[in-house]
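First comes the structure, then the notes that go with it.
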Amino acid sequence: MNQSDRPDLVQTKLNTMTVHNLFLRRFKVVMVLSAMFSMIVLMSFAINTNRPFSDPEKVKKDSVASVKAFMEVYKVLMSARCLNCHPAGDIPLQGDDSHLHTMFPQRGKDGHGVYAMKCNNCHQPTNAPGLNTPPGNPKWALPPADMKMVFEGRTPRQLAQQIMDYKRNGHKTRAQLIEHARDTLVKAGWNMGEGRKPPPLTYPEFVEVWDTWINTGGYAPGNNAVPKK
Ligand code: HEC
Ligand code: HEC
């Protein structure tokens, strides 16, 4: 049968086409809008990954003050109380001379040890009393295997760059880094039980230079920077 024989059918077809066109036009609008929306989402991601260290309200850039503060921070980071949990290998260190931990407990995937040799078998939530007993903290562990946060052997420049690198610092933003200095595990560095030398700065001094370092731009010292004793 020929279409012209059925005018009603032609009309229906026309109607369907108009609806179809209308639909296509709407569809285009939706597509354009969603493309714009994804762009905005993508852009905000791009901004977000940069933001941690470029928050203009808080950061007053001053490379000289920043580097000076970091050199003080570095002395604490490299002290046995911090270094012993930030080793280059997968076994924690012990003592003021940072020797390998006796019985060689291993880092493990999450930093809490392997199999039956878990850190918290021996390291309790608080310090055990007496000499040569395990210091304690509820979070006692090494950093995890996929984010080792090594301090041992790092120059001031390397360590500053590492800590300021969102991809290597445990995905910490500027604000989270500031917060981290207030973490109980960091604070524990000044309360490590009998017979262990505290870090070279007091805890409030450390917090002050840490904040200054970050809030003046988190600059890394030059290649040849050596901390003053
Ligand atoms: C018992 C082990 C332990 C001790 C002791 C310790 N840390 Fe850590 N530290 C960790 C763990 C685990 C992480 C990762 C977990 C996290 O990010 O909160 C970490 C993460 C960090 C980070 C973030 C890493 C980075 O590259 O930004 C800093 C900074 C840090 N510690 C500083 C210190 C300082 C300063 C001390 C000494 C006063 C100290 N730590 C002592 C276990 C320890
Ligand atoms: C079998 C028990 C035991 C296990 C398991 C154990 N430790 Fe220890 N740890 C000790 C003892 C005991 C000391 C104190 C040694 C001393 O002072 O002579 C100590 C000391 C340390 C110190 C030195 C603190 C300082 O500032 O000098 C660190 C760091 C440490 N342990 C980390 C860990 C981590 C991380 C784990 C898990 C991966 C772990 N330990 C597992 C018993 C243990």
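Residue names in the structure tokens use chain letters A, B, ... in the order shown, residue numbers from 1 in each chain, and ligand numbers from 1 in the order shown.
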Enumerate residues in contact with ligand 2: an atom-to-atom distance of at most 7 Å, counting only C-alpha atoms and all ligand atoms. Format the result as a PDB file with C-alpha atoms, in the first residue's frame.
ATOM      1  CA  ALA A  80      65.470   9.007  67.421  1.00  0.00           C
ATOM      2  CA  ARG A  81      61.961   9.499  68.849  1.00  0.00           C
ATOM      3  CA  CYS A  82      60.582  10.174  65.374  1.00  0.00           C
ATOM      4  CA  ASN A  84      62.717   5.104  64.807  1.00  0.00           C
ATOM      5  CA  CYS A  85      59.231   4.797  63.303  1.00  0.00           C
ATOM      6  CA  ILE A  91      61.856  -2.981  60.466  1.00  0.00           C
ATOM      7  CA  PRO A  92      61.426  -0.267  63.112  1.00  0.00           C
ATOM      8  CA  LEU A  93      64.470   1.130  64.934  1.00  0.00           C
ATOM      9  CA  GLN A  94      65.092   1.359  68.675  1.00  0.00           C
ATOM     10  CA  GLY A  95      66.929   3.438  71.189  1.00  0.00           C
ATOM     11  CA  ASP A  96      68.754   6.769  71.085  1.00  0.00           C
ATOM     12  CA  SER A  98      68.422   3.979  66.296  1.00  0.00           C
ATOM     13  CA  HIS A 101      64.406  -3.335  66.604  1.00  0.00           C
ATOM     14  CA  MET A 103      63.261  -9.618  67.156  1.00  0.00           C
ATOM     15  CA  PRO A 105      59.075  -7.054  63.767  1.00  0.00           C
ATOM     16  CA  GLN A 106      58.121  -6.313  60.140  1.00  0.00           C
ATOM     17  CA  ARG A 107      56.111  -3.386  58.822  1.00  0.00           C
ATOM     18  CA  GLY A 111      52.233  -0.970  59.262  1.00  0.00           C
ATOM     19  CA  HIS A 112      50.912  -2.903  62.262  1.00  0.00           C
ATOM     20  CA  GLY A 113      53.142  -5.931  61.796  1.00  0.00           C
ATOM     21  CA  MET A 117      54.161 -10.371  65.357  1.00  0.00           C
ATOM     22  CA  LYS A 118      51.821  -7.398  65.687  1.00  0.00           C
ATOM     23  CA  CYS A 119      53.114  -4.169  67.208  1.00  0.00           C
ATOM     24  CA  ASN A 120      50.303  -3.989  69.725  1.00  0.00           C
ATOM     25  CA  ASN A 121      51.137  -7.426  71.145  1.00  0.00           C
ATOM     26  CA  CYS A 122      53.872  -5.594  72.999  1.00  0.00           C
ATOM     27  CA  HIS A 123      53.098  -1.891  72.520  1.00  0.00           C
ATOM     28  CA  LEU A 131      63.523   0.827  81.664  1.00  0.00           C
ATOM     29  CA  ASN A 132      63.699  -0.881  78.237  1.00  0.00           C
ATOM     30  CA  THR A 133      59.978  -1.607  78.201  1.00  0.00           C
ATOM     31  CA  PRO A 134      57.829  -0.878  75.134  1.00  0.00           C
ATOM     32  CA  PRO A 135      56.474   2.667  74.820  1.00  0.00           C
ATOM     33  CA  TRP A 140      51.447   2.402  67.572  1.00  0.00           C
ATOM     34  CA  ALA A 141      52.584   1.280  64.069  1.00  0.00           C
ATOM     35  CA  LEU A 142      54.878   2.078  61.182  1.00  0.00           C
ATOM     36  CA  MET A 192      58.308   7.841  75.253  1.00  0.00           C
ATOM     37  CA  ARG A 196      64.596   7.793  76.208  1.00  0.00           C
TER      38      ARG A 196
END
TODO: Enumerate as a ChimeraX atom specification the residues within 7 Å of ligand 1, counting only C-alpha atoms and all ligand atoms.
DONE: /A:76-77,81-86,111,140-144,149,162-164,168-170,172,177,180-181,185-190,199
Open item on the list: Can you pull out the residues contacting A:Leu201? Cut-off 9 Å, using only C-alpha atoms, and skip same-chain residues under 6 positions away; I want them as an NGL selection string.
Closed with: :A and (72-73 or 75-76)
- [ ] Once DSSP has gone over the backbone, tell me which residues of stretch 14-228 of chain A are in strand (DSSP E or B), as a PyMOL selection string.
- [x] chain A and resi 93-94+99-100+113-114+117-118
Task: All helix (DSSP H, G or I) positions in stretch 41-216 of chain A, as a PyMOL selection string - done: chain A and resi 41-53+63-77+80-83+119-122+156-164+174-180+184-190+203-215
TODO: Return the single residue from A:Gln176, A:Asn127, A:Gln161, A:Thr102 that is closest to A:Val67, with distances computed using only C-alpha atoms.
DONE: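 Answer, going by the shortest atom-to-atom distance: A:Gln161.
Restricting the calculation to only C-alpha atoms, the smallest distance between A:Pro156 and any of A:Thr173, A:Thr126, A:Asn224, A:Ser34 is found for A:Asn224.
Within the 12 Å cut-off around A:Arg182, using only C-alpha atoms and omitting residues fewer than 6 positions from it on the same chain, the listed residues are Ala175, Gln176, Ala188, Gly189, Tyr203, Pro204, Phe206, Val207, Glu208, Trp210 and Asp211 of chain A.
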Open item on the list: Just the number, please: distance in Å from atom CA of A:Gly217 to atom CA of A:Glu179, one decimal.
Closed with: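 Going from atom CA of A:Gly217 over to atom CA of A:Glu179, I get 16.1 Å.
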